[in-house]
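Structure below is structure_19.cif: mmCIF, C-alpha atoms.
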data_coords
#
loop_
_atom_site.label_atom_id
_atom_site.label_comp_id
_atom_site.auth_asym_id
_atom_site.auth_seq_id
_atom_site.Cartn_x
_atom_site.Cartn_y
_atom_site.Cartn_z
CA MET A 8 73.46 62.60 -97.54
CA SER A 9 73.01 60.10 -100.36
CA ALA A 10 72.84 56.37 -99.70
CA ALA A 11 76.06 54.36 -99.80
CA ASN A 12 76.85 52.78 -103.14
CA PRO A 13 75.89 49.09 -102.73
CA ALA A 14 78.66 48.16 -105.14
CA TYR A 15 81.24 49.22 -102.56
CA TYR A 16 79.49 49.24 -99.21
CA THR A 17 77.69 46.23 -97.79
CA GLU A 18 76.23 45.71 -94.36
CA ALA A 19 78.52 43.81 -92.00
CA PRO A 20 77.45 40.17 -91.73
CA LYS A 21 75.95 39.05 -88.43
CA PRO A 22 76.53 35.31 -87.97
CA LYS A 23 73.77 33.67 -85.99
CA LEU A 24 75.12 32.15 -82.78
CA ASP A 25 73.74 30.19 -79.86
CA VAL A 26 73.71 32.08 -76.56
CA LEU A 27 75.96 30.37 -74.03
CA SER A 28 74.01 28.83 -71.16
CA SER A 29 73.88 25.67 -69.09
CA ASP A 30 71.76 24.15 -71.89
CA THR A 31 74.06 25.05 -74.79
CA ALA A 32 77.39 24.45 -73.01
CA ASN A 33 78.17 21.00 -74.38
CA LYS A 34 80.56 19.19 -76.70
CA ALA A 35 78.43 20.01 -79.74
CA ARG A 36 79.74 23.59 -79.47
CA LEU A 37 83.43 22.64 -79.53
CA ASN A 38 85.53 24.77 -81.90
CA THR A 39 82.60 27.07 -82.68
CA PHE A 40 81.68 30.52 -81.43
CA VAL A 41 78.94 31.16 -78.88
CA GLN A 42 77.36 34.44 -77.88
CA ILE A 43 77.53 35.77 -74.32
CA ASP A 44 74.16 36.94 -73.05
CA SER A 45 73.97 40.73 -73.36
CA ALA A 46 71.91 41.07 -70.17
CA PHE A 47 74.58 39.18 -68.21
CA LEU A 48 77.29 41.48 -69.56
CA GLN A 49 75.24 44.57 -68.74
CA ASN A 50 74.58 43.33 -65.20
CA THR A 51 78.22 42.52 -64.51
CA GLY A 52 80.05 45.20 -66.47
CA LYS A 53 77.64 47.94 -67.57
CA GLY A 54 79.31 48.26 -70.96
CA ARG A 55 82.78 47.22 -69.79
CA TYR A 56 84.37 43.92 -70.79
CA PRO A 57 87.19 41.95 -69.21
CA GLY A 58 90.73 42.07 -70.57
CA HIS A 59 91.00 43.04 -74.24
CA LEU A 60 87.65 41.57 -75.25
CA SER A 61 86.05 44.92 -76.06
CA ALA A 62 88.03 45.10 -79.32
CA ASP A 63 86.85 41.64 -80.34
CA PHE A 64 83.21 42.28 -79.52
CA LYS A 65 83.19 45.64 -81.29
CA LEU A 66 84.59 44.13 -84.46
CA PHE A 67 82.24 41.13 -84.37
CA GLY A 68 79.20 43.31 -83.67
CA LYS A 69 78.28 41.03 -80.78
CA PRO A 70 79.91 39.49 -77.67
CA ALA A 71 81.12 36.18 -79.11
CA LEU A 72 83.77 33.75 -77.85
CA LEU A 73 85.25 30.46 -79.01
CA TYR A 74 84.03 27.36 -77.17
CA ARG A 75 87.24 25.44 -76.54
CA GLU A 76 88.21 22.06 -75.10
CA VAL A 77 89.27 23.82 -71.91
CA THR A 78 85.86 25.51 -71.80
CA GLN A 79 84.14 22.13 -71.80
CA THR A 80 86.49 20.85 -69.09
CA LEU A 81 85.72 23.84 -66.88
CA VAL A 82 81.97 23.51 -67.47
CA ASP A 83 82.16 19.84 -66.46
CA GLN A 84 84.04 20.78 -63.29
CA LEU A 85 81.50 23.51 -62.53
CA ASP A 86 78.75 20.88 -62.63
CA GLN A 87 80.80 18.48 -60.50
CA PHE A 88 81.58 21.09 -57.85
CA SER A 89 77.96 22.23 -57.67
CA LYS A 90 77.40 19.07 -55.63
CA ALA A 91 80.54 19.16 -53.49
CA ALA A 92 83.09 21.97 -53.59
CA PRO A 93 86.86 21.43 -53.75
CA LYS A 94 88.90 22.44 -50.72
CA ARG A 95 91.09 24.83 -52.70
CA ALA A 96 90.44 27.62 -55.16
CA THR A 97 91.57 27.38 -58.77
CA VAL A 98 93.43 30.15 -60.57
CA PHE A 99 93.70 30.31 -64.38
CA ASP A 100 97.18 31.28 -65.48
CA GLY A 101 98.88 31.63 -68.84
CA LYS A 102 100.52 34.09 -71.17
CA ASN A 103 98.92 37.39 -72.11
CA GLY A 104 96.21 36.73 -74.66
CA ALA A 105 95.91 33.02 -73.86
CA GLY A 106 92.22 33.40 -73.01
CA LYS A 107 92.16 33.49 -69.20
CA SER A 108 89.58 36.27 -68.94
CA ALA A 109 87.50 34.71 -71.71
CA GLU A 110 87.33 31.36 -69.92
CA LEU A 111 86.38 33.03 -66.63
CA LEU A 112 83.65 35.02 -68.39
CA LYS A 113 82.23 31.93 -70.08
CA LEU A 114 82.25 30.02 -66.79
CA ALA A 115 80.41 32.82 -64.99
CA ALA A 116 77.85 33.08 -67.81
CA VAL A 117 77.11 29.35 -67.61
CA ALA A 118 76.88 29.42 -63.80
CA ALA A 119 74.39 32.30 -63.96
CA THR A 120 71.98 30.14 -65.98
CA SER A 121 72.42 27.01 -63.87
CA GLY A 122 71.10 28.30 -60.55
CA HIS A 123 74.36 29.44 -58.97
CA ILE A 124 74.88 32.49 -56.83
CA VAL A 125 77.44 34.22 -59.03
CA ILE A 126 79.86 36.67 -57.41
CA TYR A 127 81.85 37.77 -60.46
CA ALA A 128 84.27 40.69 -60.72
CA LEU A 129 85.34 41.20 -64.34
CA SER A 130 88.19 43.45 -63.17
CA THR A 131 89.77 43.96 -59.76
CA LEU A 132 92.16 46.65 -61.02
CA PRO A 133 89.93 49.46 -59.66
CA TRP A 134 90.35 47.85 -56.24
CA VAL A 135 94.06 48.72 -56.31
CA ASN A 136 94.86 51.35 -58.98
CA SER A 137 93.73 54.46 -57.09
CA SER A 138 90.90 55.18 -59.51
CA ARG A 139 87.99 54.89 -57.07
CA PRO A 140 87.00 56.53 -53.74
CA TYR A 141 88.34 54.99 -50.53
CA GLY A 142 88.80 55.94 -46.90
CA PRO A 143 89.79 54.61 -43.48
CA GLY A 144 87.30 52.28 -41.86
CA PHE A 145 85.49 53.11 -38.64
CA LYS A 146 87.36 51.69 -35.64
CA SER A 147 89.45 49.53 -37.97
CA ASP A 148 92.91 49.51 -39.53
CA LEU A 149 91.33 48.49 -42.83
CA PHE A 150 90.36 50.89 -45.60
CA VAL A 151 86.89 50.81 -47.15
CA GLN A 152 85.66 51.19 -50.74
CA HIS A 153 81.92 51.53 -50.27
CA GLU A 154 81.20 52.39 -53.90
CA LEU A 155 83.01 49.30 -55.26
CA ALA A 156 81.39 47.00 -52.68
CA ASN A 157 77.98 48.45 -53.53
CA GLU A 158 78.53 47.89 -57.26
CA LEU A 159 79.54 44.28 -56.65
CA LEU A 160 76.39 43.66 -54.62
CA ARG A 161 74.26 45.16 -57.40
CA SER A 162 75.90 42.84 -59.90
CA VAL A 163 75.28 39.79 -57.69
CA SER A 164 71.64 40.76 -57.21
CA ALA A 165 71.01 41.36 -60.91
CA VAL A 166 72.62 38.08 -62.00
CA SER A 167 71.52 35.78 -59.15
CA ARG A 168 68.31 37.22 -57.72
CA GLU A 169 66.38 33.95 -57.87
CA ALA A 170 69.19 31.92 -56.30
CA LEU A 171 69.65 34.48 -53.52
CA SER A 172 65.94 34.31 -52.72
CA LYS A 173 66.19 30.56 -52.09
CA VAL A 174 68.71 30.84 -49.27
CA PRO A 175 67.40 31.82 -45.80
CA LEU A 176 69.77 33.68 -43.51
CA GLY A 177 69.32 31.04 -40.82
CA LYS A 178 70.18 33.58 -38.11
CA ASP A 179 69.39 37.14 -37.12
CA VAL A 180 71.68 39.59 -38.90
CA VAL A 181 72.32 43.17 -37.84
CA LEU A 182 73.68 45.66 -40.38
CA GLY A 183 74.17 49.06 -38.79
CA LYS A 184 70.75 50.01 -37.43
CA LYS A 185 68.96 47.50 -39.65
CA SER A 186 67.97 44.05 -38.37
CA LEU A 187 67.03 41.06 -40.49
CA GLY A 188 65.30 38.02 -39.02
CA ALA A 189 66.52 34.48 -39.59
CA GLU A 190 63.62 33.87 -41.99
CA LYS A 191 64.85 36.57 -44.39
CA THR A 192 66.90 35.55 -47.41
CA LEU A 193 70.22 36.49 -48.95
CA ALA A 194 68.26 38.63 -51.41
CA ASP A 195 67.01 40.76 -48.49
CA LEU A 196 70.54 40.99 -47.12
CA VAL A 197 71.95 42.18 -50.44
CA ASP A 198 69.13 44.72 -50.75
CA VAL A 199 70.28 46.41 -47.55
CA GLY A 200 73.82 46.75 -48.88
CA MET A 201 72.54 48.15 -52.18
CA GLN A 202 70.19 50.67 -50.57
CA THR A 203 72.74 51.87 -48.00
CA PRO A 204 76.24 52.07 -49.53
CA SER A 205 77.87 52.60 -46.12
CA LEU A 206 76.67 49.11 -45.21
CA ALA A 207 77.82 47.48 -48.46
CA HIS A 208 80.97 45.97 -46.94
CA ASP A 209 79.00 44.55 -43.99
CA ALA A 210 76.42 43.07 -46.34
CA LEU A 211 79.09 41.58 -48.61
CA ASP A 212 80.91 39.95 -45.69
CA GLN A 213 77.66 38.46 -44.39
CA LEU A 214 76.76 37.29 -47.90
CA LEU A 215 80.09 35.48 -48.26
CA ALA A 216 79.88 33.98 -44.78
CA ILE A 217 76.34 32.60 -45.21
CA ALA A 218 76.65 31.63 -48.89
CA SER A 219 79.85 29.68 -48.27
CA THR A 220 78.29 27.40 -45.64
CA GLN A 221 74.79 26.83 -47.05
CA THR A 222 73.97 23.85 -49.28
CA VAL A 223 70.71 25.04 -50.87
CA VAL A 224 72.31 26.41 -54.05
CA PRO A 225 75.87 26.29 -55.41
CA VAL A 226 78.06 29.39 -55.43
CA LEU A 227 80.61 30.65 -57.95
CA ILE A 228 83.15 33.20 -56.79
CA ALA A 229 85.08 34.41 -59.84
CA LEU A 230 87.65 37.23 -59.73
CA ASP A 231 89.55 38.39 -62.79
CA GLU A 232 93.04 39.88 -62.28
CA VAL A 233 93.08 37.99 -58.99
CA ASN A 234 96.79 38.68 -58.50
CA THR A 235 95.77 42.15 -57.27
CA LEU A 236 94.77 40.57 -53.95
CA TRP A 237 98.46 40.24 -53.06
CA CYS A 238 99.91 43.37 -54.63
CA SER A 239 101.05 46.78 -53.42
CA THR A 240 98.33 49.20 -54.47
CA SER A 241 98.49 52.75 -55.80
CA TYR A 242 96.46 53.94 -52.82
CA ARG A 243 98.14 55.63 -49.85
CA ASP A 244 97.33 56.06 -46.18
CA GLN A 245 97.19 59.30 -44.19
CA GLU A 246 100.99 59.29 -43.83
CA ASP A 247 101.43 58.87 -47.60
CA ASN A 248 102.57 55.26 -47.23
CA ILE A 249 101.72 52.82 -50.02
CA LEU A 250 98.94 50.48 -48.94
CA PRO A 251 99.08 46.73 -49.63
CA ALA A 252 95.89 45.17 -50.95
CA ASN A 253 95.29 43.30 -47.71
CA ARG A 254 94.74 46.65 -45.96
CA PHE A 255 91.51 47.02 -47.94
CA ARG A 256 88.35 45.44 -46.69
CA LEU A 257 87.22 44.41 -50.17
CA ALA A 258 90.37 42.41 -50.89
CA ARG A 259 90.36 41.05 -47.33
CA SER A 260 86.85 39.68 -47.88
CA PHE A 261 88.07 37.37 -50.67
CA LEU A 262 91.62 36.54 -49.59
CA PRO A 263 90.56 33.67 -47.26
CA PHE A 264 88.94 31.87 -50.21
CA PHE A 265 92.14 32.01 -52.26
CA GLU A 266 94.51 31.32 -49.37
CA GLY A 267 92.82 28.11 -48.26
CA GLN A 268 91.36 29.50 -45.03
CA THR A 269 87.73 29.40 -46.19
CA ALA A 270 86.03 26.97 -48.57
CA LEU A 271 82.58 26.70 -50.07
CA ALA A 272 80.19 23.91 -49.15
CA LYS A 273 78.84 23.79 -52.72
CA GLY A 274 80.37 25.54 -55.69
CA TRP A 275 83.73 26.78 -56.89
CA VAL A 276 86.17 29.60 -56.19
CA VAL A 277 88.08 30.61 -59.34
CA GLY A 278 90.29 33.46 -60.45
CA ALA A 279 92.36 34.52 -63.43
CA THR A 280 95.74 36.22 -63.43
CA SER A 281 96.76 39.18 -65.55
CA TYR A 282 100.25 40.27 -66.57
CA THR A 283 99.11 43.39 -68.41
CA GLU A 284 99.60 45.74 -65.45
CA VAL A 285 102.95 44.40 -64.25
CA ARG A 286 103.01 46.71 -61.24
CA PHE A 287 100.09 44.77 -59.80
CA MET A 288 101.64 41.32 -60.36
CA PRO A 289 103.77 40.59 -57.26
CA LYS A 290 107.19 39.26 -58.23
CA ASP A 291 107.09 36.37 -55.77
CA LEU A 292 103.67 35.29 -57.05
CA LYS A 293 104.86 35.49 -60.65
CA THR A 294 107.88 33.33 -59.80
CA LYS A 295 105.71 30.73 -58.09
CA LEU A 296 103.30 30.64 -61.03
CA ASN A 297 106.17 30.38 -63.52
CA PRO A 298 109.13 28.83 -61.66
CA PRO A 299 112.49 28.84 -63.43
CA PRO A 300 113.78 25.43 -64.52
CA ALA A 301 115.61 23.63 -61.73
CA ILE A 302 119.31 23.11 -62.43
CA PRO A 303 120.61 20.07 -60.51
CA LEU A 304 123.71 20.64 -58.40
CA ALA A 305 126.75 18.65 -59.46
CA ASN A 306 127.45 17.59 -55.87
CA PRO A 307 124.70 15.15 -54.80
CA GLN A 308 125.53 15.57 -51.12
CA LEU A 309 125.16 19.33 -51.40
CA ALA A 310 121.87 18.95 -53.26
CA GLN A 311 120.43 16.92 -50.38
CA ALA A 312 121.70 19.23 -47.64
CA ALA A 313 118.92 20.67 -45.52
CA ASN A 314 120.58 24.06 -45.21
CA VAL A 315 120.81 24.66 -48.96
CA GLY A 316 118.32 27.34 -49.90
CA LYS A 317 115.55 26.19 -52.24
CA SER A 318 112.95 28.55 -53.66
CA SER A 319 109.40 27.76 -52.65
CA THR A 320 106.82 27.34 -55.40
CA GLU A 321 103.99 26.27 -53.14
CA LEU A 322 100.74 28.12 -53.63
CA PRO A 323 97.56 28.06 -51.53
CA PHE A 324 95.43 27.45 -54.63
CA ASP A 325 95.42 25.11 -57.62
CA VAL A 326 96.68 26.46 -60.93
CA ALA A 327 95.02 25.68 -64.26
CA LYS A 328 97.20 26.68 -67.20
CA ILE A 329 95.29 28.09 -70.17
CA ASP A 330 97.39 26.89 -73.07
CA ARG A 331 97.56 27.77 -76.75
CA LEU A 332 94.84 26.89 -79.24
CA SER A 333 94.78 23.47 -80.81
CA SER A 334 94.84 23.26 -84.61
CA ALA A 335 91.10 22.46 -84.61
CA GLU A 336 90.39 25.47 -82.40
CA ALA A 337 92.50 27.67 -84.69
CA TRP A 338 90.39 26.54 -87.65
CA GLY A 339 87.19 27.32 -85.72
CA LEU A 340 88.56 30.76 -84.88
CA MET A 341 89.46 31.60 -88.47
CA ASN A 342 86.19 30.15 -89.77
CA PHE A 343 84.23 32.56 -87.59
CA TYR A 344 86.49 35.45 -88.58
CA GLN A 345 85.59 34.77 -92.19
CA LYS A 346 81.85 34.60 -91.45
CA ALA A 347 82.12 37.91 -89.58
CA ASN A 348 83.99 39.41 -92.54
CA VAL A 349 87.13 39.93 -90.47
CA VAL A 350 88.98 37.66 -92.88
CA THR A 351 88.00 38.07 -96.52
CA THR A 352 90.41 35.65 -98.19
CA PRO A 353 89.34 32.04 -98.74
CA LEU A 354 90.22 29.74 -95.88
CA THR A 355 92.77 27.06 -96.59
CA GLU A 356 94.66 24.70 -94.35
CA GLY A 357 97.83 26.53 -95.29
CA LEU A 358 96.47 29.96 -94.33
CA VAL A 359 95.14 28.77 -90.96
CA ALA A 360 98.35 26.88 -90.21
CA LYS A 361 100.40 29.97 -91.07
CA LYS A 362 98.43 32.25 -88.76
CA TRP A 363 98.43 29.60 -86.02
CA VAL A 364 102.18 29.01 -86.16
CA TYR A 365 103.08 32.71 -86.39
CA ALA A 366 100.97 33.39 -83.29
CA ASN A 367 102.27 30.28 -81.51
CA GLY A 368 98.62 29.35 -80.97
CA ASN A 369 97.93 32.46 -78.88
CA PRO A 370 94.33 33.66 -79.49
CA ARG A 371 95.18 37.33 -78.94
CA GLN A 372 98.10 37.14 -81.35
CA MET A 373 95.95 35.40 -83.95
CA PHE A 374 93.38 38.17 -83.61
CA ALA A 375 96.10 40.77 -84.05
CA GLY A 376 97.45 38.88 -87.05
CA VAL A 377 94.22 39.28 -88.99
CA THR A 378 93.22 42.77 -87.82
CA THR A 379 96.44 44.74 -88.18
CA TYR A 380 94.82 46.81 -90.92
CA PHE A 381 92.11 48.13 -88.57
#
Taking this structure as input, can you express it in the form of structure tokens?
Amino acid sequence: MSAANPAYYTEAPKPKLDVLSSDTANKARLNTFVQIDSAFLQNTGKGRYPGHLSADFKLFGKPALLYREVTQTLVDQLDQFSKAAPKRATVFDGKNGAGKSAELLKLAAVAATSGHIVIYALSTLPWVNSSRPYGPGFKSDLFVQHELANELLRSVSAVSREALSKVPLGKDVVLGKKSLGAEKTLADLVDVGMQTPSLAHDALDQLLAIASTQTVVPVLIALDEVNTLWCSTSYRDQEDNILPANRFRLARSFLPFFEGQTALAKGWVVGATSYTEVRFMPKDLKTKLNPPPAIPLANPQLAQAANVGKSSTELPFDVAKIDRLSSAEAWGLMNFYQKANVVTTPLTEGLVAKKWVYANGNPRQMFAGVTTYF
């Protein structure tokens, strides 16, 4: 085949970007794009990306994300909580395409380079959508997902091997027929769960128990699509009854961290919601995350009556709303799109403002607005 005519075909531009890390995560990166470390993505996703980011990364030719004001705020909080953890988890919420998964990914990538033990699940949908093997637990009413638990341990080991090696078990641990002395480390514990999938759940539970109380290194627990922890799954029991997520050992391992029953000594527990798969977003949780506006009753005495039903919006975790892009962030977004040859027309304030307003500042909608011809 003959070479492409250079008059019509040119190689896609590859803008040079800084790789996001604890060293590069600072205010100098605001409103610019940063690259997510490819090794981190391979270790946590093996070619899969959270949310809709695969389309972005494919078009850009590299895993690149906008460094926003909210990104800097979250990075600052990550550093603050590495010294003393908050008592409650934080869940990122917002409209589809607002950037919840992107912010969680950036936070995990920074934590991985700052000495944290990073327990990051880029998608919890396989935990509940009946796509992976499962079975009843031994002498338990919980169901097990050994393969998923094993994969999560492998991800933790690949991303946080050095940090795991710094934390001694501090007690003798027995996993099945295997015994680990108190002098062994969390790295040794995780190895057992990786080498013997049937012990993966036991190893994960011990990892969470020991990591949450130790103060040697900070911990980041980050679950995307965290609303699945409270949903009705697509899995069924032996009587063909639909199983709730809390009947699965994997979900049960993390629920205490998001329901205020367990807290970290050092680090942060974060999650991100997803409204893409509506069947896995519980209605009561959705209502509490997005309560309807309160309409005051005309009768003040009735409004104060104790027996008047009032909907509860209390949640066991803090909610951080991921809002729309600022005008400066929209300019940074479009500027990168032009450098990556996604946008070929000259950038003007009018063009950026038009795309920003039409998309109501939603990053996903802005992306769609400039790529509808693909």
Surrounding residues of Val166 of chain A excluding itself and chain neighbours under 6 positions, 9 Å, all atoms listed in the file, as a count of residues only
9
For Arg36 of chain A, please output as a PDB file with C-alpha atoms, keeping the file's coordinate frame all residues within 12 Å (counting only C-alpha atoms; exclusion window: fewer than 2 positions along the same chain).
ATOM      1  CA  LEU A  24      75.120  32.150 -82.780  1.00  0.00           C
ATOM      2  CA  ASP A  25      73.740  30.190 -79.860  1.00  0.00           C
ATOM      3  CA  VAL A  26      73.710  32.080 -76.560  1.00  0.00           C
ATOM      4  CA  LEU A  27      75.960  30.370 -74.030  1.00  0.00           C
ATOM      5  CA  SER A  28      74.010  28.830 -71.160  1.00  0.00           C
ATOM      6  CA  ASP A  30      71.760  24.150 -71.890  1.00  0.00           C
ATOM      7  CA  THR A  31      74.060  25.050 -74.790  1.00  0.00           C
ATOM      8  CA  ALA A  32      77.390  24.450 -73.010  1.00  0.00           C
ATOM      9  CA  ASN A  33      78.170  21.000 -74.380  1.00  0.00           C
ATOM     10  CA  LYS A  34      80.560  19.190 -76.700  1.00  0.00           C
ATOM     11  CA  ASN A  38      85.530  24.770 -81.900  1.00  0.00           C
ATOM     12  CA  THR A  39      82.600  27.070 -82.680  1.00  0.00           C
ATOM     13  CA  PHE A  40      81.680  30.520 -81.430  1.00  0.00           C
ATOM     14  CA  VAL A  41      78.940  31.160 -78.880  1.00  0.00           C
ATOM     15  CA  GLN A  42      77.360  34.440 -77.880  1.00  0.00           C
ATOM     16  CA  LEU A  72      83.770  33.750 -77.850  1.00  0.00           C
ATOM     17  CA  LEU A  73      85.250  30.460 -79.010  1.00  0.00           C
ATOM     18  CA  TYR A  74      84.030  27.360 -77.170  1.00  0.00           C
ATOM     19  CA  ARG A  75      87.240  25.440 -76.540  1.00  0.00           C
ATOM     20  CA  GLU A  76      88.210  22.060 -75.100  1.00  0.00           C
ATOM     21  CA  THR A  78      85.860  25.510 -71.800  1.00  0.00           C
ATOM     22  CA  GLN A  79      84.140  22.130 -71.800  1.00  0.00           C
ATOM     23  CA  GLU A 336      90.390  25.470 -82.400  1.00  0.00           C
ATOM     24  CA  GLY A 339      87.190  27.320 -85.720  1.00  0.00           C
TER      25      GLY A 339
END
Enumerate, in order of chain and increasing residue number, the residues of segment 216-293 of chain A with an atom no farther than 12 Å from segment 101-115 of chain A, each with its shortest atom pair and distance in Å to one decimal, counting only C-alpha atoms, as a Markdown table.
| residue | atom | partner | partner_atom | distance |
| --- | --- | --- | --- | --- |
| A:Val226 | CA | A:Ala115 | CA | 10.4 |
| A:Leu227 | CA | A:Ala115 | CA | 7.4 |
| A:Ile228 | CA | A:Ala115 | CA | 8.7 |
| A:Ala229 | CA | A:Leu111 | CA | 7.0 |
| A:Leu230 | CA | A:Leu111 | CA | 8.2 |
| A:Asp231 | CA | A:Ser108 | CA | 6.5 |
| A:Glu232 | CA | A:Ser108 | CA | 8.3 |
| A:Val233 | CA | A:Ser108 | CA | 10.7 |
| A:Gly274 | CA | A:Ala115 | CA | 11.8 |
| A:Trp275 | CA | A:Leu114 | CA | 10.5 |
| A:Val276 | CA | A:Leu111 | CA | 11.0 |
| A:Val277 | CA | A:Leu111 | CA | 7.9 |
| A:Gly278 | CA | A:Leu111 | CA | 7.3 |
| A:Ala279 | CA | A:Lys107 | CA | 5.9 |
| A:Thr280 | CA | A:Lys107 | CA | 7.3 |
| A:Ser281 | CA | A:Asn103 | CA | 7.1 |
| A:Tyr282 | CA | A:Asn103 | CA | 6.4 |
| A:Thr283 | CA | A:Asn103 | CA | 7.1 |
| A:Glu284 | CA | A:Asn103 | CA | 10.7 |
| A:Val285 | CA | A:Asn103 | CA | 11.3 |
| A:Lys293 | CA | A:Gly101 | CA | 10.9 |
Go ahead and compute the interatomic distance for atom CA of Ala210 of chain A and atom CA of Arg243 of chain A, in Å to one decimal.
25.3 Å
The PyMOL selection byres ((chain A and resi 135) around 12) on the file shown: which residues, as number ranges by chain?
A: 130-134, 136-141, 150-152, 155, 232-243, 249-258, 284, 286-288
List the spatial neighbours of Lys184 of chain A as number ranges by chain - criterion: any atom at most 12 Å away, all atoms listed in the file, same-chain residues fewer than 6 positions off excluded.
A: 199, 203, 205-206, 209
Which residues would end up in the selection if the PyMOL selection byres ((chain A and resi 93) around 9) were applied here, given that I need the answer as a PyMOL selection string?
chain A and resi 88+91-92+94-96+270-276
List as a ChimeraX atom specification the residues having at least one atom at most 8 Å from position (98.7, 26.4, -47.8) as given in the file, counting only C-alpha atoms.
/A:266-267,321-324
I need every residue sitting at most 8 Å from the point (82.5, 35.5, -50.2) (coordinates as in the file, only C-alpha atoms considered), written as number ranges by chain.
A: 126, 211-212, 214-216, 218-219, 228, 260-261, 264
File dump, residues just selected, C-alpha atoms, as an mmCIF file, in the coordinates of the input:
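Okay, part.cif is ready:
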data_model
loop_
_atom_site.group_PDB
_atom_site.id
_atom_site.type_symbol
_atom_site.label_atom_id
_atom_site.label_comp_id
_atom_site.auth_asym_id
_atom_site.auth_seq_id
_atom_site.Cartn_x
_atom_site.Cartn_y
_atom_site.Cartn_z
ATOM 1 C CA ILE A 126 79.860 36.670 -57.410
ATOM 2 C CA LEU A 211 79.090 41.580 -48.610
ATOM 3 C CA ASP A 212 80.910 39.950 -45.690
ATOM 4 C CA LEU A 214 76.760 37.290 -47.900
ATOM 5 C CA LEU A 215 80.090 35.480 -48.260
ATOM 6 C CA ALA A 216 79.880 33.980 -44.780
ATOM 7 C CA ALA A 218 76.650 31.630 -48.890
ATOM 8 C CA SER A 219 79.850 29.680 -48.270
ATOM 9 C CA ILE A 228 83.150 33.200 -56.790
ATOM 10 C CA SER A 260 86.850 39.680 -47.880
ATOM 11 C CA PHE A 261 88.070 37.370 -50.670
ATOM 12 C CA PHE A 264 88.940 31.870 -50.210
#
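If only C-alpha atoms are the atoms counted, then among A:Ser172, A:Gln268, A:Ala128, A:Asn369 the closest residue to Arg55 of chain A is A:Ala128.
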